[in-house]
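Asks: Below is a structure I'd like to ask you about.
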Amino acid sequence: MDNAAGANGGEGLADEAARLADRARELHDAVATFISRSSADEQSLRHRALAIDSDICKLRCSVETSLKSAAVDATVVAKVDEELNRARYALNDDHAAFLLPNKAQARFLKMFLGPVNVRATRKEVQLKVKEEYNNYRDRTAILFLLFPSILLILRSWIWEGCLPTLPFQLYQAWLLFLYTSLALRENILRENGSDIRPWWIYHHYCAISMALISLTWEIKGQPDCTYKQRGVQLFLAWAIMQGVAMLLQNRYQRQRLYTRIALGKAKRMDVVWGETAGERGQLLLLCPILFTLQGFEAYVGMLLFRVALVDAASEWQAIVCGILLIVMAVANFVNTMQTLMEKSRAKARVKRSKSKRDMGH
Amino acid sequence: MLEVVDPQPSGKLGSMRRRKFDLPDAGPISKEMLAGVAEVVQMLDQDSESVSATMGTSFLHSLAVGGEGREASGMVDPNAIMEEAARLADAARELDDAAAALISRTWNEEQSLRQRALALESDLRRLQSSLDSAAKKKGAIDSKIAEKVDEELYRVRCVINDGDVASLLPNKAHGRFLKMFLGPVNVRATRKEVQLKVKEEYNSYRDRTAFLFLIFPSTLLLLRSWVWDGCLPALPVQLYQAWLLYLYTTLALRENILRVNGSDIRPWWIYHHYCAMLMALISLTWEIRRQPDCACKQRGVQLFLVWAMMQGVAMLLQNRYQRQRLYTRIALGKAKRMDVVWGETAGVEGQLLLLCPILFILQGFEAFIGLLLLRTAFVGVTCEWQVIVCGILLVLMAIGNFANTMQTLIVKSRFKAKMKRTKSKQDIDQCISAVDPSLMGSKSSKAS
């Protein structure tokens, strides 16, 4: 301001300030009306969504009862099912998803974050969250490979085959943080409509307990080091394999996500069907490797178990870790099989409906 | 044979309550009604080939009434079902499009409002700096005018910093911890009521855990003297440490979320939780073997448990204080008043006087325990790094807590002094009059 103007400058300031205060008041009113109007709009849409949801449920029930009594043709039921699936997709998985109340907010999220809403309303934001999650997994998969490899290498070079406790505990603490963060992020993704199978999240919970238990494990430097540390060595080997599996899964998931984004941009609604298209080759490559890794995981678990049982000074940590590893391996295997079967079933359905459409049905 | 089903089964298909149709209230169905329905169903069955079922509610109505009855007769009109399904799919698609339109429209409006708020904020800053520079030069501006301008700018600042407009502006609070754990997800609630609700829930959570915080270490110490002959086994302590780690992690996460939602939690309290998390993690790796030489090794553990109990007491007291603050805030919010900051100090003065000496004592004791731990580590036979680090952390936390409690007290007393000073000249409720002049006459004078 021109300080030579003196009082005039002061008055100019006062005018401007008064104008600013008016603007602020207007803005405040505008925001208040905006909020009330948008929540009113949202409420009316929500009523519609609830009505449609209940209609869908009723129709499904009646169709089921009719099917049981063989009152309707199976083809009719299939068609009705398809239509209802489309309706359900439009209602629960697309833009209208934020209208219906959350059926079961993830307990894990509630435990850690309280009842905060982590659901993004806009679809682009949801996809962005998924993309960021994939990037995060990429970054950590490399660390996941690096840390145990470094520990094992240092073990043979510097520490004469005997791992000191502190580096191992630091690594376990990092694992604990990593799996907690992954579990939190995946729960958030599920809230945002991702179709992650629940088992993969439970797998992270198991890994969290394993990391926690390993923190309390006493792997003293001396004496009788190599024998005691056989379990630790096996654990590190398993961790390296996990890193490899994670890298491969990331590539697969990234391909899935890009297909999804492309389909989303083309505004197609049968995303579920179209997904299987792009990554068939990858799946064929990925599965045998996953099965091998899961087999090795079970083997490591059993070895740990055996070491713990046979060894005189066995600690409960080794036993529990062994059991956890076996449980994780078995469940991983079962879930991979289920995912494969589901995808092949989906593909068969796509092929069947496609051929029908081609024949001008 | 035909059965008549209660069309409004309680419980399972609860959503049916939404569509009452013309059905009688749930209850025993009279025999005449049974017979009548059976007749109707039979007639409909005979016509089912030629009847084009009307779509929508009447169709579902008939299904609901005669659903199980029709099984026996074995006639359901597939066309009607198909049409109903198609109708539902169309309705869902329409709703989806409407939702998409609503989302984008809301987003666009929000963006334009945000631009206005940002412009307002930058203009405010500009004016403030020109006012400051003008005020520095003597005689450049009349003091009365300067006061007036200050008042106006204060009102603008009220609008920007408190209330719903604040949720539009980008948040300056650091969310690195949240980003580490949750990724770049937005945990900011758009409406102020939701933000206050989050704070309320956080307070009730702290209440629940404050009791556990007292009970667990007390139980451990009691069992130690009664059952375990003065020597704690490793597993219970480790379980307790794991629970502590989880507790502090979730408290840190929740408080970061509160900060993102505009709460004015001092950053130190969150750093205090980080330190506590670190301590719990380190204590997990601590080796407190039962034998031999148990008592000496476990002196550190015993001190730690005592500290934990004191923390529980401090937490309970702080909760009471925070709850009072929050209720004052909610009351002010419900009256649509915006100068929450001023009004807060009103209701809780007495509590603060009670709380502070206790807090100081606890912090002194915390430092004492830290020093004891350090001494045990240096003097004792077995010196483990965990004991040293825990001791250092405890001393750090005690000093930080003390410094921050002092600062909070100083800030609050300065506020009160300022309020007293300006009370005679201007209204306390400036923010209200700035926003809603009609409220000017109805304010209640608050205790100073």
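Chain labels run A, B, ... following the order of the structure tokens; each chain numbers its residues from 1, and ligands are numbered from 1 in the order shown.
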Contacts from chain A to chain B, 6 Å maximum, only C-alpha atoms: show me the residue list as a count of residues only.
Replies: 26
Asks: Please tabulate, as a tab-separated table, the residues of stretch 225-302 of chain B that come within 7 Å of stretch 390-400 of chain B, each with its closest pair of atoms and the distance in Å to one decimal, counting only C-alpha atoms and ordering rows by chain, then residue number upward.
Replies:
residue	atom	partner	partner_atom	distance
B:His272	CA	B:Met397	CA	6.3
B:Cys275	CA	B:Leu393	CA	6.7
B:Met279	CA	B:Cys390	CA	5.9
Asks: Mind dumping the selected residues with N, CA, C and O atoms as a compact mmCIF listing (two decimals), in the first residue's frame?
Replies:
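Now in selection31.txt:
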# COMPACT_ATOMS: atom_id res chain seq x y z
N HIS B 272 4.76 -38.76 21.30
CA HIS B 272 4.83 -39.55 22.54
C HIS B 272 4.35 -40.97 22.27
O HIS B 272 4.93 -41.95 22.76
N CYS B 275 7.06 -42.89 20.51
CA CYS B 275 8.08 -43.35 21.47
C CYS B 275 7.58 -44.57 22.22
O CYS B 275 8.33 -45.53 22.45
N MET B 279 9.07 -48.30 22.45
CA MET B 279 9.40 -48.95 23.71
C MET B 279 8.75 -50.32 23.79
O MET B 279 9.38 -51.28 24.24
Asks: Suppose you want the space between atom CA of A:Leu109 and atom CA of A:Ile196; what is it in Å?
Replies: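 Interatomic distance here is 15.4 Å.
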Asks: Write out as a ChimeraX atom specification all residues of stretch 113-333 of chain A that DSSP puts in alpha helix (DSSP H) for this structure's backbone.
Replies: /A:113,123-157,165-191,198-215,225-228,230-265,271-278,280-310,316-333
Asks: Tell me, as a ChimeraX atom specification, which residues lie within 10 Å of A:Glu186, counting only C-alpha atoms; anything in the same chain fewer than 2 positions away does not count.
Replies: /A:109,130,133,180-184,188-192,194,196,198,200-201,204 /B:182
Asks: What is the atom CA of A:Leu257-atom CA of A:Asn134 distance in Å, reported with one decimal?
Replies: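 Here the two named atoms are 9.1 Å from each other.
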Asks: Hey, which of A:Thr75, A:Pro148, A:Tyr179, A:Cys225 ends up closest to A:Ser209? Count only C-alpha atoms.
Replies: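 The answer is A:Tyr179, which sits nearest to A:Ser209.
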Asks: Go through B:Ala276, B:Met310, B:Val260, B:Met315 and flag the residue nearest B:Phe177, using only C-alpha atoms for the distances.
Replies: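 Looking at the shortest contact to B:Phe177, the residue is B:Val260.
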Asks: Determine the nearest neighbour of A:Leu309 from the options A:Asn135, A:Gln253, A:Leu84, A:Gly231, counting only C-alpha atoms.
Replies: A:Gly231
Asks: Which residue, A:Tyr89, A:Phe144, A:Phe333, A:Tyr252, has the smallest gap to A:Leu178 when you use only C-alpha atoms?
Replies: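 Closest to A:Leu178 of all the choices is A:Phe144.
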Asks: Do a neighbour search on stretch 319-321 of chain B at 7 Å with only C-alpha atoms, toss out local chain neighbours closer than 3 positions, and write the hits as an MDAnalysis selection string.
Replies: chainID B and resid 203 206:207 315:316 324:325 351
Asks: Would you work out the distance separating atom CA of A:Leu151 from atom CA of A:Phe235, expressed in Å to one decimal?
Replies: 11.5 Å
